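Asker: Dropping a structure here in structure tokens format, bear with me for questions.
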Amino acid sequence: MKGLAILNFKFGTQIALHCARAGFRYTSRVPLLALDTCDARGSIALLDDGRVLQEILHPVKEDYSSWLLPAVDRLLQESGISHSSLAGYAVASGPGSFTGVRVGLTTAKAWAEVYRKPIFPVSRLAVLALQAGHGADYAATFIDAQRKQIFAALYHRENGRWKLLGEETVIDPTEFFGSVTSTVGKAPLSWVSLDPELLTGSPFWQSQAASGGAVVRVHPPITSAIGHYALSHLLEHRTDALALDANYVRRSDAEIFGKKGAAL
């Protein structure tokens, strides 16, 4: 399966009503800029009424600090849309690398303050859950966090929507996989990840493969799906620049190693 399936949301009148309640102007268009800088596989995307106008991949070897602003400028210019005409910004709030998450959120905050636009923070793990199989009652989503750990979360489908069980976490893969199977039991389960080989290549999976649930590989970029998620949750997830917070899950290296050094 290549890429995240683009979900067909019914915008029209429903989006107009959401926009009016959320406090920003709606004409016949809802242009939204989406950002994902959480790891090297990020991108930016421009959506209009739920239609993806363009999505630009981040070059893996280029720093976001030097790539992001010129890339967004080019994207908006080519599409004939200005910051002033945007309905807002959808930004991946994590989990991911400390530096990557911070660059995306700081940039979105600055634009939101200058152009007085709302921000829609979106968890990457929540977006991955949308790709779970239609018959699944549970979705276990995870992303490589390096250092033999994963960013992970377990979701349960309730009334057609995915509800987070517990909290997003950074954890040893085998510990998470075992915890999920204990919680889910025999209920239909989808494992959804950008890095499914961390599951399928593990000793845990060799013992569970016959009854361990379906594995769904999601191919980046996922920024357009982040934009769709934001548009479908306008009222629940809207925030302003001052209230926006990062979902790092794991502390920064400076904080971890600085405290260790201070204790020596």
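Residues in the structure tokens are numbered from 1 in each chain, the chains being A, B, ... in the order shown, and ligands are numbered from 1 in the order shown.
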Report as JSON lines the residues of segment 195-224 of chain A within 12 Å of segment 138-161 of chain A, each with its shortest atom pair and distance in Å (one decimal), using only C-alpha atoms, ordered by chain and increasing residue number.
Answerer:
```
{"residue": "A:Asp195", "atom": "CA", "partner": "A:Ile143", "partner_atom": "CA", "distance": 5.9}
{"residue": "A:Pro196", "atom": "CA", "partner": "A:Phe142", "partner_atom": "CA", "distance": 8.1}
{"residue": "A:Glu197", "atom": "CA", "partner": "A:Asp144", "partner_atom": "CA", "distance": 9.8}
{"residue": "A:Leu198", "atom": "CA", "partner": "A:Asp144", "partner_atom": "CA", "distance": 7.7}
{"residue": "A:Leu199", "atom": "CA", "partner": "A:Phe142", "partner_atom": "CA", "distance": 9.4}
{"residue": "A:Ser202", "atom": "CA", "partner": "A:Lys148", "partner_atom": "CA", "distance": 11.8}
{"residue": "A:Gly212", "atom": "CA", "partner": "A:Ala140", "partner_atom": "CA", "distance": 11.4}
{"residue": "A:Gly213", "atom": "CA", "partner": "A:Tyr138", "partner_atom": "CA", "distance": 9.7}
{"residue": "A:Ala214", "atom": "CA", "partner": "A:Ala139", "partner_atom": "CA", "distance": 9.7}
{"residue": "A:Val215", "atom": "CA", "partner": "A:Ala140", "partner_atom": "CA", "distance": 9.6}
{"residue": "A:Val216", "atom": "CA", "partner": "A:Thr141", "partner_atom": "CA", "distance": 9.5}
{"residue": "A:Arg217", "atom": "CA", "partner": "A:Thr141", "partner_atom": "CA", "distance": 10.3}
{"residue": "A:Val218", "atom": "CA", "partner": "A:Thr141", "partner_atom": "CA", "distance": 10.3}
{"residue": "A:His219", "atom": "CA", "partner": "A:Ile143", "partner_atom": "CA", "distance": 11.8}
{"residue": "A:Pro220", "atom": "CA", "partner": "A:Ile143", "partner_atom": "CA", "distance": 11.7}
```
Asker: Can those selected residues be exported to a file as a short mmCIF file (atom, residue, chain, number, x, y, z; two decimals), in the first residue's frame so that it contains C-alpha atoms?
Answerer:
```
data_model
loop_
_atom_site.label_atom_id
_atom_site.label_comp_id
_atom_site.auth_asym_id
_atom_site.auth_seq_id
_atom_site.Cartn_x
_atom_site.Cartn_y
_atom_site.Cartn_z
CA ASP A 195 8.69 1.65 10.23
CA PRO A 196 6.83 -1.70 10.39
CA GLU A 197 10.06 -3.71 10.09
CA LEU A 198 10.71 -2.88 13.74
CA LEU A 199 7.76 -5.18 14.44
CA SER A 202 11.50 -8.74 15.86
CA GLY A 212 -0.80 -10.94 15.79
CA GLY A 213 -3.03 -8.70 13.65
CA ALA A 214 -2.60 -6.95 10.31
CA VAL A 215 0.48 -4.85 9.59
CA VAL A 216 0.02 -1.63 7.62
CA ARG A 217 3.05 0.20 6.23
CA VAL A 218 2.47 3.92 5.73
CA HIS A 219 4.76 5.56 3.22
CA PRO A 220 5.76 9.21 3.72
#
```
Asker: So which residues touch Gln54 of chain A within 12 Å, counting only C-alpha atoms, skipping near sequence neighbours fewer than 3 positions away, as a PyMOL selection string?
Answerer: chain A and resi 31-34+43-48+50-51+57+71-72+74-81+221+223-224+227
Asker: Go through segment 127-156 of chain A and collect every residue that DSSP, computed from the backbone, puts in strand (DSSP E or B); the answer should be as a CSV table (one decimal) with C-alpha atoms, in the first residue's frame.
Answerer:
```csv
chain,number,residue,atom,x,y,z
A,138,TYR,CA,-7.7,-1.3,17.8
A,139,ALA,CA,-4.8,0.5,16.1
A,140,ALA,CA,-1.3,0.3,17.5
A,141,THR,CA,0.7,3.0,15.9
A,142,PHE,CA,4.5,3.5,16.2
A,143,ILE,CA,7.5,5.3,14.7
A,144,ASP,CA,11.2,4.7,15.1
A,150,ILE,CA,9.8,3.8,19.4
A,151,PHE,CA,7.2,6.5,19.7
A,152,ALA,CA,4.0,4.6,20.2
A,153,ALA,CA,0.3,4.8,21.0
A,154,LEU,CA,-2.7,2.5,21.2
A,155,TYR,CA,-6.1,3.6,19.8
A,156,HIS,CA,-9.6,2.1,20.2
```
Asker: Residues at most 12 Å from segment 65-70 of chain A, counting only C-alpha atoms, excluding those fewer than 4 positions away in the same chain, as a ChimeraX atom specification?
Answerer: /A:34-37,40,42-45,56-61,74-77,99-108,110-111
Asker: Those residues with N, CA and C atoms, as a PDB file, in the first residue's frame please?
Answerer:
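Done, and the output landed in out_35.pdb:
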```pdb
ATOM      1  N   ALA A  34      -0.049  22.887   5.655  1.00  0.00           N
ATOM      2  CA  ALA A  34       0.295  21.819   6.589  1.00  0.00           C
ATOM      3  C   ALA A  34       1.802  21.596   6.606  1.00  0.00           C
ATOM      4  N   LEU A  35       2.340  21.356   7.817  1.00  0.00           N
ATOM      5  CA  LEU A  35       3.780  21.170   7.999  1.00  0.00           C
ATOM      6  C   LEU A  35       4.056  19.904   8.792  1.00  0.00           C
ATOM      7  N   ASP A  36       5.097  19.181   8.394  1.00  0.00           N
ATOM      8  CA  ASP A  36       5.600  18.066   9.201  1.00  0.00           C
ATOM      9  C   ASP A  36       7.116  18.123   9.164  1.00  0.00           C
ATOM     10  N   THR A  37       7.713  18.512  10.290  1.00  0.00           N
ATOM     11  CA  THR A  37       9.171  18.597  10.382  1.00  0.00           C
ATOM     12  C   THR A  37       9.696  17.690  11.492  1.00  0.00           C
ATOM     13  N   ALA A  40      13.340  13.415   9.387  1.00  0.00           N
ATOM     14  CA  ALA A  40      13.878  13.732   8.067  1.00  0.00           C
ATOM     15  C   ALA A  40      12.906  13.440   6.932  1.00  0.00           C
ATOM     16  N   GLY A  42       9.920  14.485   6.516  1.00  0.00           N
ATOM     17  CA  GLY A  42       8.852  15.466   6.548  1.00  0.00           C
ATOM     18  C   GLY A  42       8.546  16.083   5.198  1.00  0.00           C
ATOM     19  N   SER A  43       7.591  17.017   5.225  1.00  0.00           N
ATOM     20  CA  SER A  43       7.186  17.700   3.996  1.00  0.00           C
ATOM     21  C   SER A  43       6.272  18.853   4.357  1.00  0.00           C
ATOM     22  N   ILE A  44       5.869  19.597   3.356  1.00  0.00           N
ATOM     23  CA  ILE A  44       4.864  20.638   3.503  1.00  0.00           C
ATOM     24  C   ILE A  44       3.792  20.397   2.443  1.00  0.00           C
ATOM     25  N   ALA A  45       2.582  20.832   2.736  1.00  0.00           N
ATOM     26  CA  ALA A  45       1.496  20.625   1.781  1.00  0.00           C
ATOM     27  C   ALA A  45       0.525  21.789   1.859  1.00  0.00           C
ATOM     28  N   ILE A  56       5.377  19.123  -1.025  1.00  0.00           N
ATOM     29  CA  ILE A  56       6.816  19.172  -1.308  1.00  0.00           C
ATOM     30  C   ILE A  56       7.568  18.382  -0.249  1.00  0.00           C
ATOM     31  N   LEU A  57       8.360  17.428  -0.688  1.00  0.00           N
ATOM     32  CA  LEU A  57       9.148  16.602   0.211  1.00  0.00           C
ATOM     33  C   LEU A  57      10.372  17.341   0.720  1.00  0.00           C
ATOM     34  N   HIS A  58      10.730  17.080   1.946  1.00  0.00           N
ATOM     35  CA  HIS A  58      11.950  17.641   2.522  1.00  0.00           C
ATOM     36  C   HIS A  58      13.144  16.811   2.079  1.00  0.00           C
ATOM     37  N   PRO A  59      14.183  17.451   1.500  1.00  0.00           N
ATOM     38  CA  PRO A  59      15.404  16.723   1.153  1.00  0.00           C
ATOM     39  C   PRO A  59      16.073  16.217   2.433  1.00  0.00           C
ATOM     40  N   VAL A  60      16.324  14.930   2.505  1.00  0.00           N
ATOM     41  CA  VAL A  60      16.786  14.305   3.744  1.00  0.00           C
ATOM     42  C   VAL A  60      18.049  14.959   4.292  1.00  0.00           C
ATOM     43  N   LYS A  61      18.947  15.378   3.422  1.00  0.00           N
ATOM     44  CA  LYS A  61      20.234  15.892   3.879  1.00  0.00           C
ATOM     45  C   LYS A  61      20.223  17.392   4.180  1.00  0.00           C
ATOM     46  N   ARG A  74       7.878  29.285  -1.891  1.00  0.00           N
ATOM     47  CA  ARG A  74       7.732  28.778  -3.265  1.00  0.00           C
ATOM     48  C   ARG A  74       6.378  28.101  -3.450  1.00  0.00           C
ATOM     49  N   LEU A  75       5.973  27.326  -2.461  1.00  0.00           N
ATOM     50  CA  LEU A  75       4.696  26.620  -2.530  1.00  0.00           C
ATOM     51  C   LEU A  75       3.526  27.597  -2.644  1.00  0.00           C
ATOM     52  N   LEU A  76       3.528  28.630  -1.827  1.00  0.00           N
ATOM     53  CA  LEU A  76       2.435  29.601  -1.853  1.00  0.00           C
ATOM     54  C   LEU A  76       2.435  30.413  -3.152  1.00  0.00           C
ATOM     55  N   GLN A  77       3.617  30.815  -3.586  1.00  0.00           N
ATOM     56  CA  GLN A  77       3.705  31.602  -4.819  1.00  0.00           C
ATOM     57  C   GLN A  77       3.209  30.809  -6.018  1.00  0.00           C
ATOM     58  N   THR A  99      14.618  18.829  17.837  1.00  0.00           N
ATOM     59  CA  THR A  99      14.917  19.961  16.956  1.00  0.00           C
ATOM     60  C   THR A  99      13.896  20.077  15.837  1.00  0.00           C
ATOM     61  N   GLY A 100      13.539  18.952  15.216  1.00  0.00           N
ATOM     62  CA  GLY A 100      12.589  18.983  14.112  1.00  0.00           C
ATOM     63  C   GLY A 100      11.236  19.495  14.538  1.00  0.00           C
ATOM     64  N   VAL A 101      10.708  18.978  15.643  1.00  0.00           N
ATOM     65  CA  VAL A 101       9.406  19.417  16.136  1.00  0.00           C
ATOM     66  C   VAL A 101       9.437  20.900  16.471  1.00  0.00           C
ATOM     67  N   ARG A 102      10.498  21.333  17.102  1.00  0.00           N
ATOM     68  CA  ARG A 102      10.608  22.733  17.522  1.00  0.00           C
ATOM     69  C   ARG A 102      10.618  23.677  16.321  1.00  0.00           C
ATOM     70  N   VAL A 103      11.324  23.318  15.256  1.00  0.00           N
ATOM     71  CA  VAL A 103      11.386  24.178  14.061  1.00  0.00           C
ATOM     72  C   VAL A 103       9.990  24.374  13.472  1.00  0.00           C
ATOM     73  N   GLY A 104       9.254  23.281  13.320  1.00  0.00           N
ATOM     74  CA  GLY A 104       7.924  23.382  12.733  1.00  0.00           C
ATOM     75  C   GLY A 104       6.964  24.195  13.577  1.00  0.00           C
ATOM     76  N   LEU A 105       6.959  23.945  14.888  1.00  0.00           N
ATOM     77  CA  LEU A 105       6.030  24.648  15.765  1.00  0.00           C
ATOM     78  C   LEU A 105       6.389  26.124  15.923  1.00  0.00           C
ATOM     79  N   THR A 106       7.678  26.407  16.040  1.00  0.00           N
ATOM     80  CA  THR A 106       8.106  27.802  16.178  1.00  0.00           C
ATOM     81  C   THR A 106       7.737  28.612  14.941  1.00  0.00           C
ATOM     82  N   THR A 107       7.927  28.013  13.775  1.00  0.00           N
ATOM     83  CA  THR A 107       7.598  28.697  12.522  1.00  0.00           C
ATOM     84  C   THR A 107       6.096  28.934  12.413  1.00  0.00           C
ATOM     85  N   ALA A 108       5.303  27.911  12.728  1.00  0.00           N
ATOM     86  CA  ALA A 108       3.845  28.060  12.665  1.00  0.00           C
ATOM     87  C   ALA A 108       3.351  29.105  13.664  1.00  0.00           C
ATOM     88  N   ALA A 110       4.981  31.747  14.709  1.00  0.00           N
ATOM     89  CA  ALA A 110       5.333  33.071  14.196  1.00  0.00           C
ATOM     90  C   ALA A 110       4.330  33.518  13.137  1.00  0.00           C
ATOM     91  N   TRP A 111       4.019  32.640  12.197  1.00  0.00           N
ATOM     92  CA  TRP A 111       3.041  32.986  11.160  1.00  0.00           C
ATOM     93  C   TRP A 111       1.680  33.281  11.787  1.00  0.00           C
TER      94      TRP A 111
END
```
Asker: Mind pulling up the distance from atom CA of His228 of chain A to atom CA of Trp191 of chain A?
Answerer: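 According to the coordinates, atom CA of Trp191 of chain A and atom CA of His228 of chain A are separated by 21.3 Å.
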Asker: Kindly give the distance, in Å, that separates atom CA of Asp137 of chain A and atom CA of Pro188 of chain A, rounded to a single decimal.
Answerer: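 The value is 5.3 Å.
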Asker: Hey, which of A:Asp63, A:Asp73, A:Glu175, A:Glu113 ends up closest to Cys38 of chain A? Count only C-alpha atoms.
Answerer: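 Smallest separation from Cys38 of chain A among the options: A:Asp63.
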Asker: Taking the DSSP assignment computed from this structure's backbone, write out as a ChimeraX atom specification all residues of segment 25-171 of chain A that belong to helix (DSSP H, G or I).
Answerer: /A:64-79,83-85,98-115,124-129
Asker: Between A:Ala230, A:Ala132, A:Ala126, A:Ile222, which has the minimum distance to Asp39 of chain A (counting only C-alpha atoms)?
Answerer: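 Using only C-alpha atoms, Asp39 of chain A sits closest to A:Ile222.
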Asker: What's the separation between atom CA of Leu130 of chain A and atom CA of Tyr229 of chain A, in Å to one decimal place?
Answerer: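 Value for the atom CA of Leu130 of chain A-atom CA of Tyr229 of chain A distance: 9.0 Å.
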